[in-house]
Amino acid sequence: MTKEYKIVFSRDDCIGCGACTNVCPDNWEMNAAGDKAQPKSLKIDEQMYSCNKDAEDVCPVGAIKVE
Ligand code: SF4
């Protein structure tokens, strides 16, 4: 069975720096206003884990958690 992970995104904490969209464009994009990031999916599989983990690591305000 494929392992699943959950993304917890704290939108209020996001400062819109765009770092997550650079390291993990497969799951992170900027919203229409361009001032906050938004995840394409909050449930990811093993294949998407490492890129989302990079997004967690690179976020300067800790707005992304992969659980
Ligand atoms: S890296 Fe963090 S602060 Fe920057 S856009 Fe992504 S979620 Fe927002």
# chains A, B, ... in the order shown; residues from 1 in each chain; ligands from 1

$ residues_around --residues "range 9-23 of chain A" --least-positions-apart "4" --cutoff "8 Å" --atoms "only C-alpha atoms" --output "ChimeraX atom specification"
/A:27-30,34-39,51,54-56,58-59,61-65

$ select_by_dssp --residues "chain A" --states "helix (DSSP H, G or I)" --output "list in words"
Ala19, Cys20, Thr21, Asn22, Val23, Glu46, Gln47, Met48, Tyr49, Ser50, Cys51, Asn52, Lys53, Asp54, Ala55, Glu56, Asp57 and Val58 of chain A

$ write_last_selection --atoms "all heavy atoms" --output "CSV table (one decimal), in the first residue's frame"
chain,number,residue,atom,x,y,z
A,19,ALA,N,9.2,30.7,-2.1
A,19,ALA,CA,10.2,29.7,-2.1
A,19,ALA,C,9.7,28.3,-2.3
A,19,ALA,O,10.3,27.5,-3.0
A,19,ALA,CB,11.0,29.8,-0.7
A,20,CYS,N,8.6,28.0,-1.7
A,20,CYS,CA,8.0,26.7,-1.8
A,20,CYS,C,7.6,26.4,-3.3
A,20,CYS,O,7.7,25.2,-3.8
A,20,CYS,CB,6.7,26.5,-0.9
A,20,CYS,SG,5.5,27.7,-1.2
A,21,THR,N,7.2,27.4,-4.0
A,21,THR,CA,6.8,27.2,-5.4
A,21,THR,C,8.0,26.9,-6.3
A,21,THR,O,7.9,26.3,-7.3
A,21,THR,CB,6.0,28.4,-6.0
A,21,THR,OG1,6.8,29.5,-6.1
A,21,THR,CG2,4.8,28.7,-5.1
A,22,ASN,N,9.2,27.4,-5.8
A,22,ASN,CA,10.4,27.2,-6.6
A,22,ASN,C,10.9,25.7,-6.4
A,22,ASN,O,11.3,25.1,-7.3
A,22,ASN,CB,11.5,28.1,-6.1
A,22,ASN,CG,11.3,29.5,-6.7
A,22,ASN,OD1,10.7,29.7,-7.8
A,22,ASN,ND2,11.7,30.5,-6.0
A,23,VAL,N,10.9,25.3,-5.1
A,23,VAL,CA,11.4,23.9,-4.9
A,23,VAL,C,10.4,22.8,-5.1
A,23,VAL,O,10.8,21.7,-5.3
A,23,VAL,CB,12.0,23.8,-3.4
A,23,VAL,CG1,13.1,24.7,-3.2
A,23,VAL,CG2,10.9,23.9,-2.4
A,46,GLU,N,3.9,9.0,-1.5
A,46,GLU,CA,5.3,8.8,-1.3
A,46,GLU,C,6.1,9.5,-2.3
A,46,GLU,O,7.2,10.2,-2.0
A,46,GLU,CB,5.7,7.3,-1.3
A,46,GLU,CG,7.0,7.0,-0.6
A,46,GLU,CD,6.8,6.2,0.6
A,46,GLU,OE1,6.0,5.3,0.6
A,46,GLU,OE2,7.6,6.4,1.6
A,47,GLN,N,5.7,9.5,-3.5
A,47,GLN,CA,6.4,10.1,-4.7
A,47,GLN,C,6.5,11.6,-4.5
A,47,GLN,O,7.5,12.2,-5.0
A,47,GLN,CB,5.6,9.8,-5.9
A,47,GLN,CG,6.4,9.1,-7.0
A,47,GLN,CD,5.6,8.9,-8.3
A,47,GLN,OE1,4.3,9.0,-8.3
A,47,GLN,NE2,6.3,8.7,-9.3
A,48,MET,N,5.5,12.2,-3.9
A,48,MET,CA,5.5,13.7,-3.7
A,48,MET,C,6.1,14.1,-2.4
A,48,MET,O,6.2,15.3,-2.1
A,48,MET,CB,4.1,14.2,-3.8
A,48,MET,CG,3.5,14.0,-5.2
A,48,MET,SD,4.1,15.3,-6.3
A,48,MET,CE,3.1,16.7,-5.8
A,49,TYR,N,6.5,13.1,-1.6
A,49,TYR,CA,7.0,13.4,-0.3
A,49,TYR,C,8.2,14.4,-0.2
A,49,TYR,O,8.2,15.4,0.4
A,49,TYR,CB,7.3,12.2,0.5
A,49,TYR,CG,7.8,12.4,1.9
A,49,TYR,CD1,7.0,12.8,2.9
A,49,TYR,CD2,9.2,12.3,2.1
A,49,TYR,CE1,7.5,13.0,4.2
A,49,TYR,CE2,9.7,12.5,3.4
A,49,TYR,CZ,8.9,12.9,4.4
A,49,TYR,OH,9.4,13.1,5.7
A,50,SER,N,9.2,14.0,-1.0
A,50,SER,CA,10.5,14.7,-0.9
A,50,SER,C,10.4,16.1,-1.3
A,50,SER,O,10.9,17.0,-0.7
A,50,SER,CB,11.6,13.8,-1.6
A,50,SER,OG,12.3,14.6,-2.5
A,51,CYS,N,9.7,16.4,-2.4
A,51,CYS,CA,9.5,17.7,-2.9
A,51,CYS,C,8.8,18.6,-1.9
A,51,CYS,O,9.1,19.7,-1.6
A,51,CYS,CB,8.9,17.7,-4.2
A,51,CYS,SG,7.7,18.9,-4.8
A,52,ASN,N,7.7,18.0,-1.2
A,52,ASN,CA,7.0,18.8,-0.3
A,52,ASN,C,7.8,19.0,1.0
A,52,ASN,O,7.6,20.0,1.7
A,52,ASN,CB,5.6,18.1,0.0
A,52,ASN,CG,4.6,18.4,-1.0
A,52,ASN,OD1,4.0,19.4,-1.0
A,52,ASN,ND2,4.5,17.5,-2.0
A,53,LYS,N,8.6,18.0,1.3
A,53,LYS,CA,9.5,18.1,2.5
A,53,LYS,C,10.5,19.3,2.3
A,53,LYS,O,10.8,20.0,3.2
A,53,LYS,CB,10.2,16.8,2.7
A,53,LYS,CG,10.8,16.6,4.1
A,53,LYS,CD,9.8,16.5,5.1
A,53,LYS,CE,10.4,16.5,6.5
A,53,LYS,NZ,9.4,16.6,7.6
A,54,ASP,N,11.0,19.4,1.0
A,54,ASP,CA,11.9,20.5,0.7
A,54,ASP,C,11.1,21.8,0.9
A,54,ASP,O,11.7,22.8,1.3
A,54,ASP,CB,12.3,20.4,-0.8
A,54,ASP,CG,13.3,19.3,-1.0
A,54,ASP,OD1,13.9,18.7,0.0
A,54,ASP,OD2,13.6,18.9,-2.2
A,55,ALA,N,9.9,21.9,0.5
A,55,ALA,CA,9.1,23.1,0.6
A,55,ALA,C,8.9,23.4,2.1
A,55,ALA,O,9.1,24.6,2.5
A,55,ALA,CB,7.7,22.9,0.0
A,56,GLU,N,8.7,22.4,2.9
A,56,GLU,CA,8.7,22.6,4.4
A,56,GLU,C,10.0,23.2,4.9
A,56,GLU,O,10.0,24.1,5.7
A,56,GLU,CB,8.4,21.3,5.1
A,56,GLU,CG,8.4,21.4,6.6
A,56,GLU,CD,8.2,20.0,7.3
A,56,GLU,OE1,7.2,19.4,7.1
A,56,GLU,OE2,9.1,19.6,8.1
A,57,ASP,N,11.1,22.6,4.4
A,57,ASP,CA,12.4,23.0,4.9
A,57,ASP,C,12.8,24.5,4.5
A,57,ASP,O,13.4,25.2,5.2
A,57,ASP,CB,13.5,22.1,4.4
A,57,ASP,CG,13.4,20.7,5.0
A,57,ASP,OD1,12.8,20.6,6.1
A,57,ASP,OD2,14.1,19.8,4.5
A,58,VAL,N,12.3,24.8,3.3
A,58,VAL,CA,12.7,26.1,2.7
A,58,VAL,C,11.8,27.3,3.2
A,58,VAL,O,12.2,28.4,3.1
A,58,VAL,CB,12.7,26.0,1.2
A,58,VAL,CG1,11.4,26.2,0.6
A,58,VAL,CG2,13.8,26.9,0.6

$ select_by_dssp --residues "chain A" --states "strand (DSSP E)" --output "list in words"
Glu4, Tyr5, Lys6, Ile7, Val8, Phe9, Trp28, Glu29, Met30, Ala37, Gln38, Pro39, Lys43, Ile44, Asp45, Ile64, Lys65 and Val66 of chain A

$ write_last_selection --atoms "all heavy atoms" --output "short mmCIF file (atom, residue, chain, number, x, y, z; two decimals), in the first residue's frame"
data_model
loop_
_atom_site.label_atom_id
_atom_site.label_comp_id
_atom_site.auth_asym_id
_atom_site.auth_seq_id
_atom_site.Cartn_x
_atom_site.Cartn_y
_atom_site.Cartn_z
N GLU A 4 0.57 7.54 2.61
CA GLU A 4 0.03 8.87 2.33
C GLU A 4 0.48 9.85 3.40
O GLU A 4 0.63 9.49 4.57
CB GLU A 4 -1.50 8.83 2.31
CG GLU A 4 -2.05 8.27 1.03
CD GLU A 4 -3.43 8.85 0.69
OE1 GLU A 4 -4.13 9.29 1.61
OE2 GLU A 4 -3.78 8.86 -0.50
N TYR A 5 0.70 11.06 2.99
CA TYR A 5 1.09 12.11 3.91
C TYR A 5 0.10 13.26 3.81
O TYR A 5 -0.53 13.46 2.79
CB TYR A 5 2.49 12.62 3.58
CG TYR A 5 3.55 11.56 3.66
CD1 TYR A 5 3.86 10.80 2.54
CD2 TYR A 5 4.23 11.33 4.84
CE1 TYR A 5 4.84 9.81 2.60
CE2 TYR A 5 5.21 10.35 4.92
CZ TYR A 5 5.50 9.59 3.80
OH TYR A 5 6.47 8.62 3.86
N LYS A 6 0.04 13.97 4.90
CA LYS A 6 -0.88 15.10 4.94
C LYS A 6 -0.07 16.40 5.00
O LYS A 6 0.90 16.50 5.74
CB LYS A 6 -1.77 14.98 6.18
CG LYS A 6 -2.92 15.97 6.20
CD LYS A 6 -3.86 15.67 7.36
CE LYS A 6 -3.25 16.16 8.67
NZ LYS A 6 -4.19 16.15 9.81
N ILE A 7 -0.50 17.38 4.23
CA ILE A 7 0.12 18.70 4.29
C ILE A 7 -0.72 19.59 5.19
O ILE A 7 -1.93 19.68 5.03
CB ILE A 7 0.13 19.37 2.89
CG1 ILE A 7 0.72 18.45 1.83
CG2 ILE A 7 0.83 20.72 2.95
CD1 ILE A 7 2.19 18.42 1.75
N VAL A 8 -0.06 20.20 6.15
CA VAL A 8 -0.75 21.20 6.96
C VAL A 8 -0.16 22.56 6.58
O VAL A 8 1.04 22.79 6.73
CB VAL A 8 -0.57 20.94 8.47
CG1 VAL A 8 -1.27 22.01 9.28
CG2 VAL A 8 -1.10 19.56 8.82
N PHE A 9 -1.01 23.40 6.05
CA PHE A 9 -0.55 24.70 5.56
C PHE A 9 -1.19 25.81 6.36
O PHE A 9 -2.41 25.92 6.46
CB PHE A 9 -0.93 24.83 4.07
CG PHE A 9 -0.62 26.18 3.49
CD1 PHE A 9 0.62 26.77 3.68
CD2 PHE A 9 -1.57 26.86 2.74
CE1 PHE A 9 0.91 28.03 3.14
CE2 PHE A 9 -1.29 28.11 2.19
CZ PHE A 9 -0.04 28.69 2.39
N TRP A 28 3.01 23.23 -5.25
CA TRP A 28 2.83 24.57 -4.69
C TRP A 28 2.78 25.62 -5.78
O TRP A 28 3.62 25.65 -6.67
CB TRP A 28 3.96 24.87 -3.68
CG TRP A 28 3.82 24.03 -2.47
CD1 TRP A 28 4.36 22.78 -2.27
CD2 TRP A 28 3.02 24.31 -1.31
NE1 TRP A 28 3.95 22.29 -1.05
CE2 TRP A 28 3.14 23.20 -0.45
CE3 TRP A 28 2.24 25.39 -0.92
CZ2 TRP A 28 2.48 23.15 0.79
CZ3 TRP A 28 1.59 25.34 0.31
CH2 TRP A 28 1.72 24.23 1.15
N GLU A 29 1.81 26.49 -5.66
CA GLU A 29 1.67 27.59 -6.59
C GLU A 29 1.24 28.82 -5.81
O GLU A 29 0.81 28.73 -4.66
CB GLU A 29 0.62 27.25 -7.67
CG GLU A 29 -0.74 26.97 -7.08
CD GLU A 29 -1.73 26.39 -8.08
OE1 GLU A 29 -1.35 26.13 -9.23
OE2 GLU A 29 -2.90 26.20 -7.68
N MET A 30 1.35 29.98 -6.42
CA MET A 30 0.89 31.20 -5.77
C MET A 30 -0.60 31.36 -6.07
O MET A 30 -1.09 30.92 -7.12
CB MET A 30 1.66 32.42 -6.28
CG MET A 30 3.16 32.37 -5.98
SD MET A 30 3.56 32.07 -4.24
CE MET A 30 3.13 33.68 -3.52
N ALA A 37 0.95 31.47 -0.90
CA ALA A 37 1.08 30.20 -1.61
C ALA A 37 -0.20 29.40 -1.43
O ALA A 37 -0.99 29.68 -0.53
CB ALA A 37 2.26 29.42 -1.05
N GLN A 38 -0.38 28.44 -2.31
CA GLN A 38 -1.47 27.49 -2.08
C GLN A 38 -1.07 26.12 -2.58
O GLN A 38 -0.44 25.99 -3.63
CB GLN A 38 -2.78 27.96 -2.71
CG GLN A 38 -2.75 28.10 -4.21
CD GLN A 38 -4.02 28.75 -4.77
OE1 GLN A 38 -4.79 29.39 -4.05
NE2 GLN A 38 -4.24 28.58 -6.05
N PRO A 39 -1.38 25.10 -1.78
CA PRO A 39 -1.05 23.74 -2.20
C PRO A 39 -2.08 23.25 -3.20
O PRO A 39 -3.27 23.57 -3.09
CB PRO A 39 -1.14 22.94 -0.90
CG PRO A 39 -2.08 23.71 -0.03
CD PRO A 39 -1.99 25.15 -0.44
N LYS A 43 -3.25 16.14 0.35
CA LYS A 43 -2.91 14.73 0.58
C LYS A 43 -1.93 14.31 -0.50
O LYS A 43 -2.22 14.45 -1.69
CB LYS A 43 -4.18 13.86 0.51
CG LYS A 43 -4.94 13.88 1.79
CD LYS A 43 -5.94 12.73 1.85
CE LYS A 43 -6.66 12.76 3.18
NZ LYS A 43 -8.09 12.46 3.04
N ILE A 44 -0.78 13.81 -0.07
CA ILE A 44 0.23 13.43 -1.06
C ILE A 44 0.70 12.01 -0.82
O ILE A 44 0.59 11.48 0.29
CB ILE A 44 1.44 14.39 -1.01
CG1 ILE A 44 2.03 14.45 0.41
CG2 ILE A 44 1.04 15.78 -1.49
CD1 ILE A 44 3.44 15.00 0.46
N ASP A 45 1.23 11.41 -1.86
CA ASP A 45 1.76 10.06 -1.71
C ASP A 45 3.29 10.12 -1.58
O ASP A 45 3.89 11.18 -1.59
CB ASP A 45 1.32 9.16 -2.87
CG ASP A 45 1.83 9.68 -4.21
OD1 ASP A 45 2.76 10.53 -4.22
OD2 ASP A 45 1.30 9.25 -5.24
N ILE A 64 4.53 25.45 6.37
CA ILE A 64 4.24 24.15 5.75
C ILE A 64 4.72 23.03 6.65
O ILE A 64 5.87 23.03 7.10
CB ILE A 64 4.96 24.05 4.38
CG1 ILE A 64 4.46 25.13 3.43
CG2 ILE A 64 4.75 22.66 3.77
CD1 ILE A 64 5.26 25.22 2.12
N LYS A 65 3.83 22.10 6.91
CA LYS A 65 4.21 20.90 7.67
C LYS A 65 3.76 19.68 6.88
O LYS A 65 2.63 19.63 6.39
CB LYS A 65 3.54 20.86 9.04
CG LYS A 65 3.89 22.05 9.93
CD LYS A 65 5.16 21.80 10.73
CE LYS A 65 5.55 22.98 11.60
NZ LYS A 65 6.64 23.80 11.06
N VAL A 66 4.65 18.71 6.77
CA VAL A 66 4.30 17.44 6.15
C VAL A 66 4.21 16.40 7.26
O VAL A 66 5.16 16.20 8.00
CB VAL A 66 5.35 17.00 5.11
CG1 VAL A 66 4.93 15.71 4.44
CG2 VAL A 66 5.57 18.08 4.06
#

$ closest_residue --among "A:Glu67, A:Leu42, A:Cys24, A:Thr2" --to "ligand 1" --atoms "only C-alpha atoms and all ligand atoms"
A:Cys24

$ decode --residues "range 16-31 of chain A" --atoms "all heavy atoms" --output "PDB file, in the first residue's frame"
ATOM      1  N   GLY A  16       4.239  34.857   1.441  1.00  0.00           N
ATOM      2  CA  GLY A  16       4.216  34.947  -0.026  1.00  0.00           C
ATOM      3  C   GLY A  16       5.574  35.067  -0.687  1.00  0.00           C
ATOM      4  O   GLY A  16       5.696  35.634  -1.773  1.00  0.00           O
ATOM      5  N   CYS A  17       6.601  34.499  -0.065  1.00  0.00           N
ATOM      6  CA  CYS A  17       7.957  34.634  -0.615  1.00  0.00           C
ATOM      7  C   CYS A  17       8.165  33.815  -1.888  1.00  0.00           C
ATOM      8  O   CYS A  17       9.053  34.096  -2.674  1.00  0.00           O
ATOM      9  CB  CYS A  17       8.990  34.235   0.432  1.00  0.00           C
ATOM     10  SG  CYS A  17       9.034  32.458   0.761  1.00  0.00           S
ATOM     11  N   GLY A  18       7.365  32.787  -2.052  1.00  0.00           N
ATOM     12  CA  GLY A  18       7.446  31.986  -3.274  1.00  0.00           C
ATOM     13  C   GLY A  18       8.473  30.866  -3.251  1.00  0.00           C
ATOM     14  O   GLY A  18       8.628  30.141  -4.227  1.00  0.00           O
ATOM     15  N   ALA A  19       9.193  30.719  -2.138  1.00  0.00           N
ATOM     16  CA  ALA A  19      10.244  29.700  -2.074  1.00  0.00           C
ATOM     17  C   ALA A  19       9.693  28.289  -2.294  1.00  0.00           C
ATOM     18  O   ALA A  19      10.290  27.477  -3.008  1.00  0.00           O
ATOM     19  CB  ALA A  19      10.962  29.773  -0.733  1.00  0.00           C
ATOM     20  N   CYS A  20       8.554  28.003  -1.696  1.00  0.00           N
ATOM     21  CA  CYS A  20       7.966  26.658  -1.841  1.00  0.00           C
ATOM     22  C   CYS A  20       7.600  26.369  -3.296  1.00  0.00           C
ATOM     23  O   CYS A  20       7.743  25.248  -3.761  1.00  0.00           O
ATOM     24  CB  CYS A  20       6.744  26.501  -0.936  1.00  0.00           C
ATOM     25  SG  CYS A  20       5.460  27.737  -1.235  1.00  0.00           S
ATOM     26  N   THR A  21       7.156  27.388  -4.019  1.00  0.00           N
ATOM     27  CA  THR A  21       6.770  27.171  -5.421  1.00  0.00           C
ATOM     28  C   THR A  21       8.007  26.932  -6.285  1.00  0.00           C
ATOM     29  O   THR A  21       7.910  26.320  -7.334  1.00  0.00           O
ATOM     30  CB  THR A  21       5.974  28.369  -5.984  1.00  0.00           C
ATOM     31  OG1 THR A  21       6.827  29.521  -6.059  1.00  0.00           O
ATOM     32  CG2 THR A  21       4.788  28.695  -5.098  1.00  0.00           C
ATOM     33  N   ASN A  22       9.158  27.408  -5.834  1.00  0.00           N
ATOM     34  CA  ASN A  22      10.398  27.158  -6.572  1.00  0.00           C
ATOM     35  C   ASN A  22      10.899  25.739  -6.368  1.00  0.00           C
ATOM     36  O   ASN A  22      11.329  25.096  -7.315  1.00  0.00           O
ATOM     37  CB  ASN A  22      11.496  28.143  -6.136  1.00  0.00           C
ATOM     38  CG  ASN A  22      11.273  29.530  -6.706  1.00  0.00           C
ATOM     39  OD1 ASN A  22      10.729  29.676  -7.805  1.00  0.00           O
ATOM     40  ND2 ASN A  22      11.672  30.537  -5.970  1.00  0.00           N
ATOM     41  N   VAL A  23      10.862  25.262  -5.121  1.00  0.00           N
ATOM     42  CA  VAL A  23      11.415  23.921  -4.863  1.00  0.00           C
ATOM     43  C   VAL A  23      10.412  22.807  -5.132  1.00  0.00           C
ATOM     44  O   VAL A  23      10.795  21.665  -5.339  1.00  0.00           O
ATOM     45  CB  VAL A  23      11.977  23.767  -3.423  1.00  0.00           C
ATOM     46  CG1 VAL A  23      13.119  24.738  -3.189  1.00  0.00           C
ATOM     47  CG2 VAL A  23      10.907  23.921  -2.372  1.00  0.00           C
ATOM     48  N   CYS A  24       9.133  23.126  -5.109  1.00  0.00           N
ATOM     49  CA  CYS A  24       8.121  22.083  -5.307  1.00  0.00           C
ATOM     50  C   CYS A  24       6.950  22.578  -6.154  1.00  0.00           C
ATOM     51  O   CYS A  24       5.806  22.602  -5.679  1.00  0.00           O
ATOM     52  CB  CYS A  24       7.633  21.571  -3.956  1.00  0.00           C
ATOM     53  SG  CYS A  24       6.663  20.056  -4.085  1.00  0.00           S
ATOM     54  N   PRO A  25       7.221  22.955  -7.401  1.00  0.00           N
ATOM     55  CA  PRO A  25       6.149  23.473  -8.258  1.00  0.00           C
ATOM     56  C   PRO A  25       5.075  22.430  -8.556  1.00  0.00           C
ATOM     57  O   PRO A  25       3.966  22.797  -8.954  1.00  0.00           O
ATOM     58  CB  PRO A  25       6.879  23.900  -9.538  1.00  0.00           C
ATOM     59  CG  PRO A  25       8.182  23.188  -9.523  1.00  0.00           C
ATOM     60  CD  PRO A  25       8.528  22.961  -8.081  1.00  0.00           C
ATOM     61  N   ASP A  26       5.407  21.147  -8.331  1.00  0.00           N
ATOM     62  CA  ASP A  26       4.406  20.103  -8.570  1.00  0.00           C
ATOM     63  C   ASP A  26       3.232  20.211  -7.602  1.00  0.00           C
ATOM     64  O   ASP A  26       2.131  19.770  -7.897  1.00  0.00           O
ATOM     65  CB  ASP A  26       5.028  18.705  -8.428  1.00  0.00           C
ATOM     66  CG  ASP A  26       5.836  18.335  -9.660  1.00  0.00           C
ATOM     67  OD1 ASP A  26       5.731  19.054 -10.671  1.00  0.00           O
ATOM     68  OD2 ASP A  26       6.577  17.340  -9.586  1.00  0.00           O
ATOM     69  N   ASN A  27       3.485  20.776  -6.423  1.00  0.00           N
ATOM     70  CA  ASN A  27       2.371  20.875  -5.469  1.00  0.00           C
ATOM     71  C   ASN A  27       2.129  22.275  -4.918  1.00  0.00           C
ATOM     72  O   ASN A  27       1.161  22.483  -4.196  1.00  0.00           O
ATOM     73  CB  ASN A  27       2.555  19.897  -4.305  1.00  0.00           C
ATOM     74  CG  ASN A  27       1.257  19.654  -3.561  1.00  0.00           C
ATOM     75  OD1 ASN A  27       0.208  19.475  -4.185  1.00  0.00           O
ATOM     76  ND2 ASN A  27       1.302  19.665  -2.239  1.00  0.00           N
ATOM     77  N   TRP A  28       3.005  23.226  -5.254  1.00  0.00           N
ATOM     78  CA  TRP A  28       2.828  24.570  -4.689  1.00  0.00           C
ATOM     79  C   TRP A  28       2.783  25.624  -5.779  1.00  0.00           C
ATOM     80  O   TRP A  28       3.622  25.647  -6.674  1.00  0.00           O
ATOM     81  CB  TRP A  28       3.957  24.873  -3.684  1.00  0.00           C
ATOM     82  CG  TRP A  28       3.821  24.026  -2.473  1.00  0.00           C
ATOM     83  CD1 TRP A  28       4.355  22.781  -2.268  1.00  0.00           C
ATOM     84  CD2 TRP A  28       3.024  24.310  -1.313  1.00  0.00           C
ATOM     85  NE1 TRP A  28       3.946  22.286  -1.053  1.00  0.00           N
ATOM     86  CE2 TRP A  28       3.137  23.196  -0.452  1.00  0.00           C
ATOM     87  CE3 TRP A  28       2.236  25.393  -0.919  1.00  0.00           C
ATOM     88  CZ2 TRP A  28       2.478  23.148   0.787  1.00  0.00           C
ATOM     89  CZ3 TRP A  28       1.590  25.339   0.308  1.00  0.00           C
ATOM     90  CH2 TRP A  28       1.716  24.229   1.145  1.00  0.00           C
ATOM     91  N   GLU A  29       1.808  26.486  -5.656  1.00  0.00           N
ATOM     92  CA  GLU A  29       1.673  27.589  -6.593  1.00  0.00           C
ATOM     93  C   GLU A  29       1.238  28.823  -5.805  1.00  0.00           C
ATOM     94  O   GLU A  29       0.811  28.725  -4.661  1.00  0.00           O
ATOM     95  CB  GLU A  29       0.620  27.246  -7.670  1.00  0.00           C
ATOM     96  CG  GLU A  29      -0.743  26.970  -7.080  1.00  0.00           C
ATOM     97  CD  GLU A  29      -1.734  26.391  -8.084  1.00  0.00           C
ATOM     98  OE1 GLU A  29      -1.350  26.126  -9.235  1.00  0.00           O
ATOM     99  OE2 GLU A  29      -2.901  26.204  -7.684  1.00  0.00           O
ATOM    100  N   MET A  30       1.354  29.984  -6.425  1.00  0.00           N
ATOM    101  CA  MET A  30       0.889  31.201  -5.771  1.00  0.00           C
ATOM    102  C   MET A  30      -0.602  31.362  -6.069  1.00  0.00           C
ATOM    103  O   MET A  30      -1.092  30.915  -7.115  1.00  0.00           O
ATOM    104  CB  MET A  30       1.662  32.423  -6.275  1.00  0.00           C
ATOM    105  CG  MET A  30       3.159  32.374  -5.984  1.00  0.00           C
ATOM    106  SD  MET A  30       3.565  32.075  -4.238  1.00  0.00           S
ATOM    107  CE  MET A  30       3.130  33.678  -3.519  1.00  0.00           C
ATOM    108  N   ASN A  31      -1.309  31.985  -5.160  1.00  0.00           N
ATOM    109  CA  ASN A  31      -2.738  32.197  -5.396  1.00  0.00           C
ATOM    110  C   ASN A  31      -2.935  33.279  -6.456  1.00  0.00           C
ATOM    111  O   ASN A  31      -1.970  33.894  -6.923  1.00  0.00           O
ATOM    112  CB  ASN A  31      -3.455  32.545  -4.079  1.00  0.00           C
ATOM    113  CG  ASN A  31      -3.008  33.888  -3.513  1.00  0.00           C
ATOM    114  OD1 ASN A  31      -2.232  34.611  -4.117  1.00  0.00           O
ATOM    115  ND2 ASN A  31      -3.497  34.211  -2.332  1.00  0.00           N
TER     116      ASN A  31
END
